[in-house]
2 protein chains.
Amino acid sequence: MAVSPRATRKRRRPYHHGNLRRGLLDEALATIRTEGVDALTLREIGARLGVSRTALYRHFADKRALLAAVATEGFRALREQLVAAWEAGGRGQAAFESMGVVYVRFAVANPSHYRVMFGGFVDPDTSEKELATEAAGAFQALVDALATLQRDAIMRGDDTVKMARFVWAVVHGVAMLGIDGQLPEPAVEELMRYALERLRTGIGQDKG
Amino acid sequence: MAVSPRATRKRRRPYHHGNLRRGLLDEALATIRTEGVDALTLREIGARLGVSRTALYRHFADKRALLAAVATEGFRALREQLVAAWEAGGRGQAAFESMGVVYVRFAVANPSHYRVMFGGFVDPDTSEKELATEAAGAFQALVDALATLQRDAIMRGDDTVKMARFVWAVVHGVAMLGIDGQLPEPAVEELMRYALERLRTGIGQDKG
DNA sequence: TTCTTATGTTGACTATGTCAACATATCAAG
DNA sequence: CTTGATATGTTGACATAGTCAACATAAGAA
């Protein structure tokens with residue numbers, strides 16, 4: 001997995017290590033995935049790349065910046081998966097619920113990564129413009145899908161952004177409870193299905 | 001605010017400091033509230049109580065145990081507020097939504113504390129039996145309320161626990177997005193209101 | 001009074017993030 | 001090709017923090 005010299009064939013030839021920034025990000029993400037955010041130390045990720053402990057500071061302002069970059073990648077991946085689900089599902093009601101499934105599964109499959117995105121490790125407002133952009137992009141995927149369903153009179157005509165936030169809150173809530181261990185193991189998938197169903201109909205007693 | 005000797009009049013007279021455990025908890029919570037979880041250091045909270053840095057270890061196994069205790073207190077407070085809202089609201093539909101309001105407001109008013117409860121700082125499964133108990137207690141308040149509404153045919157007859165988890169996910173999601181700064185400032189309260197409304201009716205287009 | 005146990009303290013160790021000073025590779029300009 | 005500027009990477013050092021071991025002391029029991 002060492003960066004081969006052949007990679008330098010591309011236009012901008014990297015300097016010493018060969019895209020250390022990319023390597024740092026990958027290594028950080030790998031560590032986060034396998035050992036959790038707490039286990040992430042700058043020294044070890046440097047060591048793993050055969051680089052000194054402070055080499056990282058040439059590519060990231062500090063540890064938080066690194067985490068912000070990791071979060072950014074998370075939002076990008078999430079958006080891609082959401083859009084893919086929407087397209088593959090046929091851009092209808094079923095596709096919309098498929099997005100919900102994908103969302104929750106993303107979180108459950110990458111709990112630590114998801115936590116970096118939402119666990120207060122990074123501030124979405126200040127600094128990190130790219131993070132804000134990507135986060136907004138992921139949310140936009142949801143807004144777009146909802147707008148389509150509204151156009152087709154499948155969903156209520158409420159303010160789209162507001163409705164999208166609600167949907168987001170639902171899947172986010174399910175995901176968070178799931179990765180927090182607040183739910184019995186098999187309950188996450190089940191709750192997700194149920195949530196997507198009730199999201200559509202509500203929990204109030206049918207008046208028909 | 002120093003512990004007065006008069007406090008020792010109670011049955012079990014404390015040893016040296018006079019209920020240091022309680023003091024540690026209060027000080028930890030105060031620090032968490034004002035400066036956030038990251039700013040919580042064992043050394044400083046000890047200093048603030050005029051006690052050495054390791055005195056804490058006679059009352060808590062380690063820092064995580066202290067955080068677990070803080071989380072426990074959070075769940076207890078949350079449950080009390082939920083129950084109070086339910087009772088005061090008349091144990092009906094309105095009272096139920098009042099619980100939702102209280103829940104989200106608790107999180108928004110105590111973001112750092114809430115994060116200790118749900119931010120992965122403590123593991124609800126392992127260790128800390130009291131924490132699990134209190135967390136379950138808070139959830140039970142929700143289950144009980146829902147069961148009542150089901151009995152009165154105000155809510156659907158679905159599995160109560162499953163439905164309660166869904167409701168929990170909704171308010172938890174709104175709360176989390178709110179304290180994460182993912183929503184524009186005034187949007188939290190607005191989203192909460194909207195969420196409670198749509199929670200009842202769903203977002204699907206009315207077929208009537 | 002004495003023994004035991006509950007508390008609290010001191011010193012020390014390790015791990016970690018970060019900065020400053022230094023070293024070196026790459027590229028652009030002449 | 002040399003030279004200077006800039007981008008990268010390294011070493012040494014420091015401050016902070018959590019934690020443990022050894023020691024000290026207070027409280028209650030015998």
# chains A, B, ... in the order shown; residues from 1 in each chain; ligands from 1

$ residues_around --residues "C:DA23" --least-positions-apart "3" --cutoff "12 Å" --atoms "only C-alpha atoms (C1' of nucleotides)" --output "PyMOL selection string"
chain D and resi 8-11

$ write_last_selection --atoms "C-alpha atoms (C1' of nucleotides)" --output "PDB file, in the first residue's frame"
ATOM      1  C1'  DT D   8       7.761  19.733   3.269  1.00  0.00           C
ATOM      2  C1'  DG D   9       9.545  16.979   6.909  1.00  0.00           C
ATOM      3  C1'  DT D  10      12.398  16.303  11.474  1.00  0.00           C
ATOM      4  C1'  DT D  11      14.123  16.944  16.235  1.00  0.00           C
TER       5       DT D  11
END

$ interface_residues --of "chain D" --to "chain B" --cutoff "9 Å" --atoms "only C-alpha atoms (C1' of nucleotides)" --output "MDAnalysis selection string"
chainID D and resid 17:19 26:27

$ closest_atom_pairs --of "chain C" --to "chain A" --cutoff "12 Å" --atoms "only C-alpha atoms (C1' of nucleotides)" --output "Markdown table"
| residue | atom | partner | partner_atom | distance |
| --- | --- | --- | --- | --- |
| C:DA15 | C1' | A:Thr41 | CA | 9.6 |
| C:DT16 | C1' | A:Thr41 | CA | 7.4 |
| C:DG17 | C1' | A:Leu42 | CA | 7.9 |
| C:DT18 | C1' | A:Asp62 | CA | 8.3 |
| C:DC19 | C1' | A:Thr54 | CA | 10.0 |
| C:DT24 | C1' | A:His16 | CA | 9.4 |
| C:DA25 | C1' | A:His16 | CA | 6.6 |
| C:DT26 | C1' | A:Tyr15 | CA | 6.4 |
| C:DC27 | C1' | A:Tyr15 | CA | 10.1 |

$ closest_residue --among "A:Ala88, A:His59, A:Gly36, A:Ala69" --to "chain B" --atoms "only C-alpha atoms"
A:Gly36

$ residues_around --residues "C:DA28" --least-positions-apart "2" --cutoff "12 Å" --atoms "only C-alpha atoms (C1' of nucleotides)" --output "PDB file with N, CA and C atoms (P, O5', C5', C4', C3', O3' and C1' of nucleotides), in the first residue's frame"
ATOM      1  P    DT C  26      12.296  15.791  -4.361  1.00  0.00           P
ATOM      2  O5'  DT C  26      11.588  16.990  -5.131  1.00  0.00           O
ATOM      3  C5'  DT C  26      10.384  17.532  -4.585  1.00  0.00           C
ATOM      4  C4'  DT C  26      10.167  18.930  -5.072  1.00  0.00           C
ATOM      5  C3'  DT C  26      10.370  19.131  -6.576  1.00  0.00           C
ATOM      6  O3'  DT C  26       9.093  19.383  -7.138  1.00  0.00           O
ATOM      7  C1'  DT C  26      11.249  20.935  -5.292  1.00  0.00           C
ATOM      8  P    DG C  30      13.402  36.562 -13.527  1.00  0.00           P
ATOM      9  O5'  DG C  30      14.964  36.457 -13.819  1.00  0.00           O
ATOM     10  C5'  DG C  30      15.883  36.651 -12.745  1.00  0.00           C
ATOM     11  C4'  DG C  30      17.240  36.083 -13.141  1.00  0.00           C
ATOM     12  C3'  DG C  30      17.660  36.473 -14.549  1.00  0.00           C
ATOM     13  O3'  DG C  30      18.574  37.583 -14.481  1.00  0.00           O
ATOM     14  C1'  DG C  30      18.119  34.155 -14.063  1.00  0.00           C
TER      15       DG C  30
ATOM     16  P    DT D   3      25.555  29.610  -7.063  1.00  0.00           P
ATOM     17  O5'  DT D   3      24.120  30.218  -6.847  1.00  0.00           O
ATOM     18  C5'  DT D   3      23.610  31.206  -7.763  1.00  0.00           C
ATOM     19  C4'  DT D   3      22.264  31.679  -7.242  1.00  0.00           C
ATOM     20  C3'  DT D   3      22.118  31.589  -5.728  1.00  0.00           C
ATOM     21  O3'  DT D   3      21.378  32.709  -5.274  1.00  0.00           O
ATOM     22  C1'  DT D   3      20.413  30.334  -6.750  1.00  0.00           C
ATOM     23  P    DG D   4      21.574  33.192  -3.791  1.00  0.00           P
ATOM     24  O5'  DG D   4      20.084  33.642  -3.462  1.00  0.00           O
ATOM     25  C5'  DG D   4      19.316  34.287  -4.460  1.00  0.00           C
ATOM     26  C4'  DG D   4      17.867  33.854  -4.360  1.00  0.00           C
ATOM     27  C3'  DG D   4      17.330  33.832  -2.924  1.00  0.00           C
ATOM     28  O3'  DG D   4      16.087  34.515  -2.912  1.00  0.00           O
ATOM     29  C1'  DG D   4      16.880  31.768  -3.994  1.00  0.00           C
ATOM     30  P    DA D   5      15.395  34.838  -1.581  1.00  0.00           P
ATOM     31  O5'  DA D   5      14.004  34.085  -1.807  1.00  0.00           O
ATOM     32  C5'  DA D   5      13.354  34.231  -3.077  1.00  0.00           C
ATOM     33  C4'  DA D   5      12.204  33.243  -3.164  1.00  0.00           C
ATOM     34  C3'  DA D   5      11.362  33.146  -1.886  1.00  0.00           C
ATOM     35  O3'  DA D   5       9.997  33.073  -2.256  1.00  0.00           O
ATOM     36  C1'  DA D   5      12.206  31.013  -2.449  1.00  0.00           C
ATOM     37  P    DT D   6       8.902  33.181  -1.137  1.00  0.00           P
ATOM     38  O5'  DT D   6       8.296  31.718  -1.136  1.00  0.00           O
ATOM     39  C5'  DT D   6       8.061  31.071  -2.381  1.00  0.00           C
ATOM     40  C4'  DT D   6       7.798  29.594  -2.155  1.00  0.00           C
ATOM     41  C3'  DT D   6       6.947  29.282  -0.915  1.00  0.00           C
ATOM     42  O3'  DT D   6       5.941  28.365  -1.305  1.00  0.00           O
ATOM     43  C1'  DT D   6       8.883  27.943  -0.924  1.00  0.00           C
TER      44       DT D   6
END

$ interface_residues --of "chain A" --to "chain B" --cutoff "7 Å" --atoms "only C-alpha atoms" --output "ChimeraX atom specification"
/A:118-120,124,153-156,162,166,169-170,172-174,177,180-182,191,195,198-205

$ write_last_selection --atoms "C-alpha atoms" --output "JSON list (two decimals), in the first residue's frame"
[["chain", "number", "residue", "atom", "x", "y", "z"],
["A", 118, "PHE", "CA", -22.07, 15.00, 14.35],
["A", 119, "GLY", "CA", -20.47, 14.46, 17.71],
["A", 120, "GLY", "CA", -19.39, 17.99, 18.35],
["A", 124, "PRO", "CA", -20.06, 23.36, 11.32],
["A", 153, "ALA", "CA", -48.29, 15.30, -4.73],
["A", 154, "ILE", "CA", -46.88, 12.35, -2.88],
["A", 155, "MET", "CA", -45.79, 14.47, 0.03],
["A", 156, "ARG", "CA", -47.39, 17.36, 1.84],
["A", 162, "LYS", "CA", -38.57, 22.55, 7.00],
["A", 166, "PHE", "CA", -37.79, 16.93, 9.99],
["A", 169, "ALA", "CA", -34.03, 14.62, 12.34],
["A", 170, "VAL", "CA", -35.87, 11.32, 12.16],
["A", 172, "HIS", "CA", -30.48, 11.13, 12.43],
["A", 173, "GLY", "CA", -32.28, 10.27, 15.61],
["A", 174, "VAL", "CA", -32.64, 6.63, 14.71],
["A", 177, "LEU", "CA", -29.76, 5.97, 19.13],
["A", 180, "ASP", "CA", -25.12, 4.88, 20.98],
["A", 181, "GLY", "CA", -26.15, 1.44, 22.03],
["A", 182, "GLN", "CA", -29.39, 2.80, 23.37],
["A", 191, "LEU", "CA", -36.89, 0.77, 14.17],
["A", 195, "ALA", "CA", -39.77, 5.01, 11.44],
["A", 198, "ARG", "CA", -44.67, 6.23, 10.47],
["A", 199, "LEU", "CA", -42.79, 9.11, 8.95],
["A", 200, "ARG", "CA", -45.29, 8.91, 6.13],
["A", 201, "THR", "CA", -48.47, 8.28, 8.06],
["A", 202, "GLY", "CA", -47.77, 9.68, 11.49],
["A", 203, "ILE", "CA", -48.56, 7.96, 14.71],
["A", 204, "GLY", "CA", -51.97, 9.48, 15.28],
["A", 205, "GLN", "CA", -54.99, 7.20, 15.13]]

$ atom_distance --atom1 "atom CA of A:Leu78" --atom2 "atom CA of A:Val143"
14.4 Å

$ select_by_dssp --residues "stretch 87-144 of chain A" --states "alpha helix (DSSP H)" --output "NGL selection string"
:A and (87-88 or 93-109 or 111-118 or 129-144)
